[in-house]
file start-v2.pdb (PDB, C-alpha atoms, pLDDT in the B column)
ATOM      1  CA  MET F 163     138.852  62.936 109.547  1.00 46.00           C
ATOM      2  CA  MET F 164     136.111  65.537 109.162  1.00 58.00           C
ATOM      3  CA  ASN F 165     136.260  68.205 111.856  1.00 80.00           C
ATOM      4  CA  GLU F 166     133.247  69.800 113.500  1.00 83.00           C
ATOM      5  CA  LYS F 167     133.528  73.065 111.547  1.00 88.00           C
ATOM      6  CA  ASN F 168     133.575  71.316 108.176  1.00 93.00           C
ATOM      7  CA  ARG F 169     130.655  69.120 109.171  1.00 95.00           C
ATOM      8  CA  ASP F 170     128.668  72.191 110.142  1.00 96.00           C
ATOM      9  CA  ILE F 171     129.363  73.728 106.726  1.00 97.00           C
ATOM     10  CA  GLN F 172     128.399  70.464 105.042  1.00 98.00           C
ATOM     11  CA  ASP F 173     125.134  70.368 106.992  1.00 98.00           C
ATOM     12  CA  LYS F 174     124.246  73.932 106.005  1.00 98.00           C
ATOM     13  CA  ILE F 175     124.918  73.303 102.325  1.00 98.00           C
ATOM     14  CA  LEU F 176     123.042  69.987 102.403  1.00 98.00           C
ATOM     15  CA  LEU F 177     119.958  71.382 104.134  1.00 98.00           C
ATOM     16  CA  THR F 178     119.879  74.334 101.746  1.00 98.00           C
ATOM     17  CA  ALA F 179     120.218  72.024  98.749  1.00 98.00           C
ATOM     18  CA  LEU F 180     117.366  69.851  99.995  1.00 97.00           C
ATOM     19  CA  GLU F 181     114.987  72.761  99.418  1.00 95.00           C
ATOM     20  CA  ASP F 182     115.483  72.551  95.647  1.00 96.00           C
ATOM     21  CA  VAL F 183     116.360  68.887  95.016  1.00 97.00           C
ATOM     22  CA  PRO F 184     112.700  67.813  94.611  1.00 95.00           C
ATOM     23  CA  PHE F 185     112.494  70.197  91.639  1.00 94.00           C
ATOM     24  CA  ASP F 186     116.005  70.111  90.180  1.00 93.00           C
ATOM     25  CA  GLY F 187     117.403  66.747  91.281  1.00 95.00           C
ATOM     26  CA  TRP F 188     120.910  66.155  92.619  1.00 97.00           C
ATOM     27  CA  THR F 189     123.300  68.174  90.450  1.00 97.00           C
ATOM     28  CA  TRP F 190     126.668  69.698  91.221  1.00 97.00           C
ATOM     29  CA  GLN F 191     125.446  73.065  89.946  1.00 97.00           C
ATOM     30  CA  GLY F 192     122.611  72.834  92.448  1.00 97.00           C
ATOM     31  CA  ILE F 193     125.055  72.084  95.273  1.00 98.00           C
ATOM     32  CA  GLU F 194     127.191  75.108  94.355  1.00 98.00           C
ATOM     33  CA  GLN F 195     124.081  77.278  94.265  1.00 97.00           C
ATOM     34  CA  ALA F 196     123.097  75.912  97.676  1.00 98.00           C
ATOM     35  CA  ALA F 197     126.521  76.877  99.031  1.00 98.00           C
ATOM     36  CA  VAL F 198     125.951  80.453  97.890  1.00 98.00           C
ATOM     37  CA  LYS F 199     122.422  80.513  99.324  1.00 97.00           C
ATOM     38  CA  ALA F 200     123.844  79.212 102.605  1.00 97.00           C
ATOM     39  CA  GLY F 201     126.198  82.180 102.777  1.00 97.00           C
ATOM     40  CA  PHE F 202     129.413  80.726 101.335  1.00 97.00           C
ATOM     41  CA  LYS F 203     131.281  81.115  98.070  1.00 97.00           C
ATOM     42  CA  ALA F 204     130.430  78.588  95.377  1.00 97.00           C
ATOM     43  CA  ASP F 205     133.846  76.926  95.621  1.00 96.00           C
ATOM     44  CA  MET F 206     133.177  76.069  99.270  1.00 97.00           C
ATOM     45  CA  ALA F 207     131.043  73.202  97.955  1.00 98.00           C
ATOM     46  CA  GLY F 208     134.078  71.587  96.339  1.00 97.00           C
ATOM     47  CA  ALA F 209     136.211  72.248  99.404  1.00 97.00           C
ATOM     48  CA  VAL F 210     133.953  70.304 101.784  1.00 97.00           C
ATOM     49  CA  PHE F 211     132.575  67.840  99.211  1.00 97.00           C
ATOM     50  CA  PRO F 212     135.621  66.883  97.083  1.00 96.00           C
ATOM     51  CA  GLU F 213     133.728  63.846  95.776  1.00 96.00           C
ATOM     52  CA  ARG F 214     131.003  66.185  94.577  1.00 97.00           C
ATOM     53  CA  VAL F 215     127.460  64.784  94.376  1.00 97.00           C
ATOM     54  CA  SER F 216     128.418  61.337  95.689  1.00 97.00           C
ATOM     55  CA  GLY F 217     129.997  62.974  98.725  1.00 97.00           C
ATOM     56  CA  VAL F 218     126.912  65.091  99.333  1.00 98.00           C
ATOM     57  CA  LEU F 219     124.656  62.041  99.206  1.00 98.00           C
ATOM     58  CA  ARG F 220     126.881  60.089 101.577  1.00 97.00           C
ATOM     59  CA  HIS F 221     126.746  63.050 103.924  1.00 98.00           C
ATOM     60  CA  PHE F 222     122.954  63.096 103.569  1.00 98.00           C
ATOM     61  CA  SER F 223     122.851  59.480 104.730  1.00 98.00           C
ATOM     62  CA  ALA F 224     125.255  60.148 107.616  1.00 98.00           C
ATOM     63  CA  TRP F 225     123.216  63.229 108.567  1.00 98.00           C
ATOM     64  CA  ALA F 226     120.085  61.062 108.707  1.00 98.00           C
ATOM     65  CA  ASP F 227     121.960  58.607 110.954  1.00 98.00           C
ATOM     66  CA  ARG F 228     122.921  61.421 113.322  1.00 98.00           C
ATOM     67  CA  GLN F 229     119.384  62.774 113.411  1.00 98.00           C
ATOM     68  CA  MET F 230     118.087  59.271 114.076  1.00 98.00           C
ATOM     69  CA  LEU F 231     120.454  58.800 117.016  1.00 98.00           C
ATOM     70  CA  GLY F 232     119.430  62.176 118.387  1.00 98.00           C
ATOM     71  CA  ALA F 233     115.761  61.201 118.202  1.00 98.00           C
ATOM     72  CA  LEU F 234     116.541  57.896 119.925  1.00 98.00           C
ATOM     73  CA  GLU F 235     118.287  59.513 122.887  1.00 96.00           C
ATOM     74  CA  GLY F 236     116.568  58.538 126.082  1.00 89.00           C
ATOM     75  CA  VAL F 237     114.984  55.393 124.607  1.00 95.00           C
ATOM     76  CA  ASP F 238     115.490  52.591 127.115  1.00 94.00           C
ATOM     77  CA  ILE F 239     116.408  49.486 125.147  1.00 95.00           C
ATOM     78  CA  ASN F 240     117.087  47.235 128.148  1.00 93.00           C
ATOM     79  CA  ASP F 241     113.625  45.676 128.143  1.00 93.00           C
ATOM     80  CA  MET F 242     113.236  45.684 124.359  1.00 95.00           C
ATOM     81  CA  ARG F 243     113.641  42.618 122.192  1.00 92.00           C
ATOM     82  CA  VAL F 244     116.346  42.851 119.546  1.00 90.00           C
ATOM     83  CA  ARG F 245     113.777  42.909 116.754  1.00 91.00           C
ATOM     84  CA  ASP F 246     111.970  45.804 118.453  1.00 94.00           C
ATOM     85  CA  ARG F 247     115.211  47.751 118.825  1.00 95.00           C
ATOM     86  CA  ILE F 248     115.944  47.345 115.133  1.00 94.00           C
ATOM     87  CA  LYS F 249     112.409  48.235 114.102  1.00 95.00           C
ATOM     88  CA  THR F 250     112.442  51.312 116.325  1.00 97.00           C
ATOM     89  CA  ALA F 251     115.699  52.546 114.820  1.00 97.00           C
ATOM     90  CA  VAL F 252     114.740  51.900 111.192  1.00 97.00           C
ATOM     91  CA  THR F 253     111.320  53.496 111.719  1.00 97.00           C
ATOM     92  CA  THR F 254     112.862  56.521 113.412  1.00 98.00           C
ATOM     93  CA  ARG F 255     115.264  56.982 110.510  1.00 98.00           C
ATOM     94  CA  LEU F 256     112.354  56.938 108.065  1.00 97.00           C
ATOM     95  CA  GLU F 257     110.568  59.546 110.185  1.00 97.00           C
ATOM     96  CA  VAL F 258     113.672  61.746 110.037  1.00 98.00           C
ATOM     97  CA  LEU F 259     113.682  61.454 106.238  1.00 98.00           C
ATOM     98  CA  GLU F 260     109.933  61.974 105.792  1.00 97.00           C
ATOM     99  CA  PRO F 261     110.190  65.741 105.062  1.00 97.00           C
ATOM    100  CA  TYR F 262     112.796  64.928 102.391  1.00 97.00           C
ATOM    101  CA  LYS F 263     111.091  61.976 100.760  1.00 97.00           C
ATOM    102  CA  GLU F 264     111.366  63.319  97.212  1.00 96.00           C
ATOM    103  CA  SER F 265     115.058  64.060  97.742  1.00 97.00           C
ATOM    104  CA  VAL F 266     115.547  60.486  98.956  1.00 98.00           C
ATOM    105  CA  ARG F 267     113.749  59.264  95.838  1.00 97.00           C
ATOM    106  CA  ALA F 268     116.098  61.321  93.681  1.00 96.00           C
ATOM    107  CA  SER F 269     119.131  59.972  95.540  1.00 97.00           C
ATOM    108  CA  SER F 270     117.959  56.385  95.018  1.00 95.00           C
ATOM    109  CA  VAL F 271     117.841  57.044  91.263  1.00 94.00           C
ATOM    110  CA  TYR F 272     121.373  58.462  91.414  1.00 95.00           C
ATOM    111  CA  TRP F 273     122.727  55.338  93.143  1.00 95.00           C
ATOM    112  CA  LEU F 274     121.122  53.000  90.593  1.00 91.00           C
ATOM    113  CA  SER F 275     124.039  53.507  88.220  1.00 90.00           C
ATOM    114  CA  PRO F 276     126.123  50.299  87.965  1.00 91.00           C
ATOM    115  CA  PHE F 277     129.232  52.381  88.618  1.00 92.00           C
ATOM    116  CA  ARG F 278     127.819  53.640  91.922  1.00 95.00           C
ATOM    117  CA  LYS F 279     126.267  50.499  93.376  1.00 92.00           C
ATOM    118  CA  ALA F 280     129.358  49.540  95.378  1.00 94.00           C
ATOM    119  CA  ASP F 281     129.465  52.970  97.034  1.00 95.00           C
ATOM    120  CA  ALA F 282     125.728  52.768  97.695  1.00 96.00           C
ATOM    121  CA  ALA F 283     126.172  49.388  99.399  1.00 96.00           C
ATOM    122  CA  LYS F 284     128.932  50.789 101.641  1.00 96.00           C
ATOM    123  CA  MET F 285     126.703  53.710 102.572  1.00 97.00           C
ATOM    124  CA  VAL F 286     123.810  51.453 103.590  1.00 97.00           C
ATOM    125  CA  TRP F 287     126.231  49.167 105.466  1.00 97.00           C
ATOM    126  CA  SER F 288     127.441  52.163 107.456  1.00 97.00           C
ATOM    127  CA  SER F 289     123.888  53.017 108.491  1.00 98.00           C
ATOM    128  CA  ALA F 290     123.218  49.388 109.416  1.00 96.00           C
ATOM    129  CA  ASP F 291     126.356  49.467 111.559  1.00 96.00           C
ATOM    130  CA  VAL F 292     125.123  52.597 113.351  1.00 97.00           C
ATOM    131  CA  ILE F 293     121.798  50.913 114.078  1.00 96.00           C
ATOM    132  CA  TRP F 294     123.308  47.667 115.352  1.00 94.00           C
ATOM    133  CA  ASN F 295     125.710  49.581 117.575  1.00 95.00           C
ATOM    134  CA  TRP F 296     122.814  51.589 119.014  1.00 97.00           C
ATOM    135  CA  ALA F 297     120.890  48.350 119.547  1.00 94.00           C
ATOM    136  CA  GLY F 298     123.739  47.082 121.744  1.00 93.00           C
ATOM    137  CA  ASP F 299     125.345  44.585 119.406  1.00 90.00           C
ATOM    138  CA  THR F 300     128.815  43.559 120.583  1.00 87.00           C
ATOM    139  CA  ALA F 301     129.477  40.651 118.224  1.00 82.00           C
ATOM    140  CA  THR F 302     133.017  40.487 116.856  1.00 83.00           C
ATOM    141  CA  ASP F 303     132.878  37.184 114.949  1.00 81.00           C
ATOM    142  CA  TYR F 304     131.080  36.399 111.677  1.00 80.00           C
ATOM    143  CA  ASN F 305     127.854  37.577 113.323  1.00 83.00           C
ATOM    144  CA  HIS F 306     129.110  41.163 113.284  1.00 88.00           C
ATOM    145  CA  TYR F 307     129.237  41.134 109.494  1.00 89.00           C
ATOM    146  CA  SER F 308     126.244  38.925 108.823  1.00 88.00           C
ATOM    147  CA  LYS F 309     123.968  41.109 110.982  1.00 89.00           C
ATOM    148  CA  ARG F 310     124.966  44.226 109.107  1.00 92.00           C
ATOM    149  CA  PHE F 311     124.707  42.511 105.752  1.00 92.00           C
ATOM    150  CA  LEU F 312     121.209  41.267 106.512  1.00 92.00           C
ATOM    151  CA  LEU F 313     120.059  44.586 107.958  1.00 93.00           C
ATOM    152  CA  SER F 314     121.406  46.373 104.870  1.00 95.00           C
ATOM    153  CA  GLY F 315     119.041  44.264 102.805  1.00 94.00           C
ATOM    154  CA  VAL F 316     116.149  45.055 105.140  1.00 95.00           C
ATOM    155  CA  MET F 317     116.858  48.768 104.977  1.00 96.00           C
ATOM    156  CA  THR F 318     117.168  48.819 101.192  1.00 96.00           C
ATOM    157  CA  THR F 319     113.939  46.946 100.488  1.00 95.00           C
ATOM    158  CA  THR F 320     112.053  48.824 103.200  1.00 97.00           C
ATOM    159  CA  MET F 321     113.195  52.141 101.730  1.00 97.00           C
ATOM    160  CA  VAL F 322     111.869  51.121  98.318  1.00 96.00           C
ATOM    161  CA  ARG F 323     108.550  50.159  99.911  1.00 96.00           C
ATOM    162  CA  TRP F 324     108.438  53.438 101.845  1.00 97.00           C
ATOM    163  CA  LEU F 325     109.073  55.529  98.742  1.00 97.00           C
ATOM    164  CA  ASN F 326     106.040  53.945  97.068  1.00 95.00           C
ATOM    165  CA  ASP F 327     103.798  53.775 100.135  1.00 95.00           C
ATOM    166  CA  MET F 328     100.701  55.978  99.998  1.00 93.00           C
ATOM    167  CA  SER F 329      98.989  54.383 103.013  1.00 93.00           C
ATOM    168  CA  GLU F 330      98.070  56.447 106.052  1.00 92.00           C
ATOM    169  CA  GLY F 331     100.969  56.636 108.493  1.00 90.00           C
ATOM    170  CA  HIS F 332     102.955  54.368 106.155  1.00 93.00           C
ATOM    171  CA  LYS F 333     101.183  51.366 107.666  1.00 95.00           C
ATOM    172  CA  GLU F 334     102.088  49.189 104.690  1.00 96.00           C
ATOM    173  CA  THR F 335     105.775  50.008 105.123  1.00 97.00           C
ATOM    174  CA  LEU F 336     105.679  49.163 108.830  1.00 95.00           C
ATOM    175  CA  ALA F 337     103.973  45.841 108.102  1.00 95.00           C
ATOM    176  CA  PHE F 338     106.550  45.116 105.404  1.00 96.00           C
ATOM    177  CA  LEU F 339     109.369  45.964 107.831  1.00 96.00           C
ATOM    178  CA  ASP F 340     107.922  43.551 110.401  1.00 93.00           C
ATOM    179  CA  ARG F 341     107.879  40.737 107.855  1.00 92.00           C
ATOM    180  CA  ARG F 342     111.402  41.459 106.664  1.00 91.00           C
ATOM    181  CA  ILE F 343     112.780  41.483 110.217  1.00 90.00           C
ATOM    182  CA  ASP F 344     111.044  38.172 110.910  1.00 84.00           C
ATOM    183  CA  ASN F 345     112.589  36.658 107.777  1.00 79.00           C
ATOM    184  CA  VAL F 346     116.045  37.979 108.603  1.00 76.00           C
ATOM    185  CA  LEU F 347     115.983  36.788 112.204  1.00 73.00           C
ATOM    186  CA  THR F 348     114.836  33.352 111.091  1.00 72.00           C
ATOM    187  CA  PHE F 349     117.567  33.192 108.463  1.00 62.00           C
ATOM    188  CA  GLY F 350     120.131  34.496 110.962  1.00 57.00           C
ATOM    189  CA  ARG F 351     119.294  31.789 113.487  1.00 61.00           C
ATOM    190  CA  MET F 352     119.507  29.099 110.814  1.00 50.00           C
ATOM    191  CA  ALA F 353     122.824  30.438 109.496  1.00 51.00           C
ATOM    192  CA  GLY F 354     124.181  30.702 113.035  1.00 48.00           C
ATOM    193  CA  SER F 355     123.250  27.100 113.772  1.00 47.00           C
ATOM    194  CA  LEU F 356     124.848  25.861 110.560  1.00 44.00           C
ATOM    195  CA  LEU F 357     128.049  27.849 111.042  1.00 43.00           C
ATOM    196  CA  GLY F 358     128.195  26.935 114.698  1.00 47.00           C
ATOM    197  CA  GLY F 359     127.860  23.259 113.839  1.00 44.00           C
ATOM    198  CA  PHE F 360     130.537  23.568 111.178  1.00 37.00           C
ATOM    199  CA  GLY F 361     132.867  25.167 113.726  1.00 43.00           C
ATOM    200  CA  ARG F 362     132.305  22.400 116.241  1.00 42.00           C
ATOM    201  CA  LYS F 363     133.042  19.740 113.598  1.00 42.00           C
ATOM    202  CA  LYS F 364     136.292  21.424 112.647  1.00 42.00           C
ATOM    203  CA  ALA F 365     137.336  21.550 116.295  1.00 40.00           C
ATOM    204  CA  ARG F 366     137.059  17.792 116.669  1.00 41.00           C
TER     205      ARG F 366
END
call {"tool": "encode", "arguments": {"input": "start-v2.pdb", "output": "structure tokens"}}
result
Amino acid sequence: MMNEKNRDIQDKILLTALEDVPFDGWTWQGIEQAAVKAGFKADMAGAVFPERVSGVLRHFSAWADRQMLGALEGVDINDMRVRDRIKTAVTTRLEVLEPYKESVRASSVYWLSPFRKADAAKMVWSSADVIWNWAGDTATDYNHYSKRFLLSGVMTTTMVRWLNDMSEGHKETLAFLDRRIDNVLTFGRMAGSLLGGFGRKKAR
């Protein structure tokens, strides 16, 4: 389990690396150089990121999740619909990543490799889990997994739209997110009804 000191070192190296990623991309040499610029020895990068670039990018995603939760502190969700909670969280996460948009674009290219897609899916799932937990989800049955699976799809497609969105205030992305949430909630209700009916039939 990563302790607080190591996470702080990881954050410093990550944030330093983000300054050059838009120009140089995600490379291990760049991460080692970032470690030095952040005040550490080059081998500190390997000590806190043993999985090298993949580990750095997973930390980038987890860092964005933490920043999102920090920005959402104080938001009263009690009177918010579920769809509005999800939209608020996803939108907030995009706002956190806005200054690093080109670095996110570079990371999406990195994860496109067939050998990395499984790790990329786990990373997105983890973020979806963070969002659902913040939104107050307490499901422990199949809904727990289906909600995170569906939200992972929403987040992935919305991210692609966001990366290519040149509209003012990312209005096109927000409209796209609204439509995707509507589709997912509709599908979720239908799937829940079908699975619920199947369960009742088995119980007879």
call {"tool": "closest_residue", "arguments": {"input": "start-v2.pdb", "among": "F:Ala301, F:Ile175, F:Met230, F:Leu274", "to": "Ala209 in chain F", "atoms": "all atoms listed in the file"}}
result
F:Ile175
call {"tool": "atom_distance", "arguments": {"input": "start-v2.pdb", "atom1": "CA of Glu260 in chain F", "atom2": "CA of Gly192 in chain F"}}
result
21.4 Å
call {"tool": "closest_residue", "arguments": {"input": "start-v2.pdb", "among": "F:Leu259, F:Leu234, F:Met206, F:Val286", "to": "Leu180 in chain F", "atoms": "all atoms listed in the file"}}
result
F:Leu259
call {"tool": "residues_near_point", "arguments": {"input": "start-v2.pdb", "point": "(112.2, 66.0, 104.8)", "cutoff": "12 Å", "atoms": "all atoms listed in the file", "output": "PyMOL selection string"}}
result
chain F and resi 176-184+222+225-226+229+255-267
call {"tool": "residues_around", "arguments": {"input": "start-v2.pdb", "residues": "range 288-294 of chain F", "least_positions_apart": "5", "cutoff": "9 Å", "atoms": "all atoms listed in the file", "output": "PyMOL selection string"}}
result
chain F and resi 223-224+226-227+231+247-248+251-252+283+299-300+306+309-314+317
call {"tool": "closest_residue", "arguments": {"input": "start-v2.pdb", "among": "F:Val316, F:Leu219, F:Ala297, F:Val198", "to": "Thr250 in chain F", "atoms": "all atoms listed in the file"}}
result
F:Ala297
call {"tool": "resolve_selection", "arguments": {"input": "start-v2.pdb", "expression": "the PyMOL selection byres ((chain F and resi 211) around 12)", "output": "ChimeraX atom specification"}}
result
/F:164,168-169,171-173,175-176,190,193-194,197,204-210,212-222
call {"tool": "atom_distance", "arguments": {"input": "start-v2.pdb", "atom1": "CA of Ala337 in chain F", "atom2": "CA of Trp324 in chain F"}}
result
10.8 Å
call {"tool": "axis_aligned_box", "arguments": {"input": "start-v2.pdb", "around": "range 198-206 of chain F", "padding_each_side": "4 Å", "output": "JSON"}}
result
{"center_x": 128.1, "center_y": 79.1, "center_z": 99.1, "size_x": 19.4, "size_y": 14.1, "size_z": 15.4}
call {"tool": "resolve_selection", "arguments": {"input": "start-v2.pdb", "expression": "the PyMOL selection byres ((chain F and resi 343) around 9)", "output": "list of chain:residue names"}}
result
F:Arg245, F:Ile248, F:Lys249, F:Leu313, F:Val316, F:Phe338, F:Leu339, F:Asp340, F:Arg341, F:Arg342, F:Asp344, F:Asn345, F:Val346, F:Leu347, F:Thr348
call {"tool": "decode", "arguments": {"input": "start-v2.pdb", "residues": "range 251-272 of chain F", "atoms": "N, CA and C atoms", "output": "short mmCIF file (atom, residue, chain, number, x, y, z; two decimals), in the first residue's frame"}}
result
data_model
loop_
_atom_site.label_atom_id
_atom_site.label_comp_id
_atom_site.auth_asym_id
_atom_site.auth_seq_id
_atom_site.Cartn_x
_atom_site.Cartn_y
_atom_site.Cartn_z
N ALA F 251 -19.80 15.15 -11.14
CA ALA F 251 -18.49 14.55 -10.87
C ALA F 251 -17.66 14.44 -12.15
N VAL F 252 -18.27 13.93 -13.22
CA VAL F 252 -17.53 13.76 -14.47
C VAL F 252 -17.07 15.12 -15.00
N THR F 253 -17.95 16.11 -14.93
CA THR F 253 -17.61 17.46 -15.40
C THR F 253 -16.49 18.05 -14.56
N THR F 254 -16.56 17.87 -13.26
CA THR F 254 -15.51 18.38 -12.37
C THR F 254 -14.17 17.74 -12.69
N ARG F 255 -14.18 16.45 -12.97
CA ARG F 255 -12.92 15.77 -13.31
C ARG F 255 -12.33 16.33 -14.59
N LEU F 256 -13.18 16.62 -15.57
CA LEU F 256 -12.69 17.22 -16.81
C LEU F 256 -12.11 18.61 -16.56
N GLU F 257 -12.73 19.35 -15.66
CA GLU F 257 -12.22 20.69 -15.31
C GLU F 257 -10.85 20.59 -14.65
N VAL F 258 -10.67 19.57 -13.82
CA VAL F 258 -9.37 19.34 -13.18
C VAL F 258 -8.30 19.08 -14.25
N LEU F 259 -8.67 18.33 -15.28
CA LEU F 259 -7.72 17.92 -16.30
C LEU F 259 -7.53 18.97 -17.40
N GLU F 260 -8.35 20.00 -17.42
CA GLU F 260 -8.29 21.00 -18.49
C GLU F 260 -6.89 21.58 -18.69
N PRO F 261 -6.15 21.95 -17.64
CA PRO F 261 -4.81 22.51 -17.87
C PRO F 261 -3.83 21.49 -18.47
N TYR F 262 -4.20 20.22 -18.43
CA TYR F 262 -3.30 19.15 -18.88
C TYR F 262 -3.88 18.40 -20.07
N LYS F 263 -4.68 19.08 -20.84
CA LYS F 263 -5.42 18.42 -21.91
C LYS F 263 -4.50 17.71 -22.90
N GLU F 264 -3.39 18.35 -23.28
CA GLU F 264 -2.49 17.72 -24.24
C GLU F 264 -1.79 16.50 -23.63
N SER F 265 -1.56 16.54 -22.34
CA SER F 265 -0.96 15.38 -21.66
C SER F 265 -1.96 14.23 -21.61
N VAL F 266 -3.23 14.56 -21.42
CA VAL F 266 -4.28 13.54 -21.44
C VAL F 266 -4.37 12.93 -22.84
N ARG F 267 -4.27 13.77 -23.85
CA ARG F 267 -4.30 13.28 -25.23
C ARG F 267 -3.15 12.30 -25.47
N ALA F 268 -1.97 12.66 -24.98
CA ALA F 268 -0.81 11.79 -25.15
C ALA F 268 -0.99 10.47 -24.39
N SER F 269 -1.62 10.54 -23.22
CA SER F 269 -1.84 9.32 -22.44
C SER F 269 -2.86 8.41 -23.13
N SER F 270 -3.85 9.01 -23.79
CA SER F 270 -4.85 8.20 -24.49
C SER F 270 -4.20 7.44 -25.65
N VAL F 271 -3.23 8.06 -26.30
CA VAL F 271 -2.49 7.39 -27.38
C VAL F 271 -1.69 6.22 -26.80
N TYR F 272 -1.07 6.44 -25.65
CA TYR F 272 -0.28 5.40 -25.00
C TYR F 272 -1.13 4.18 -24.70
#
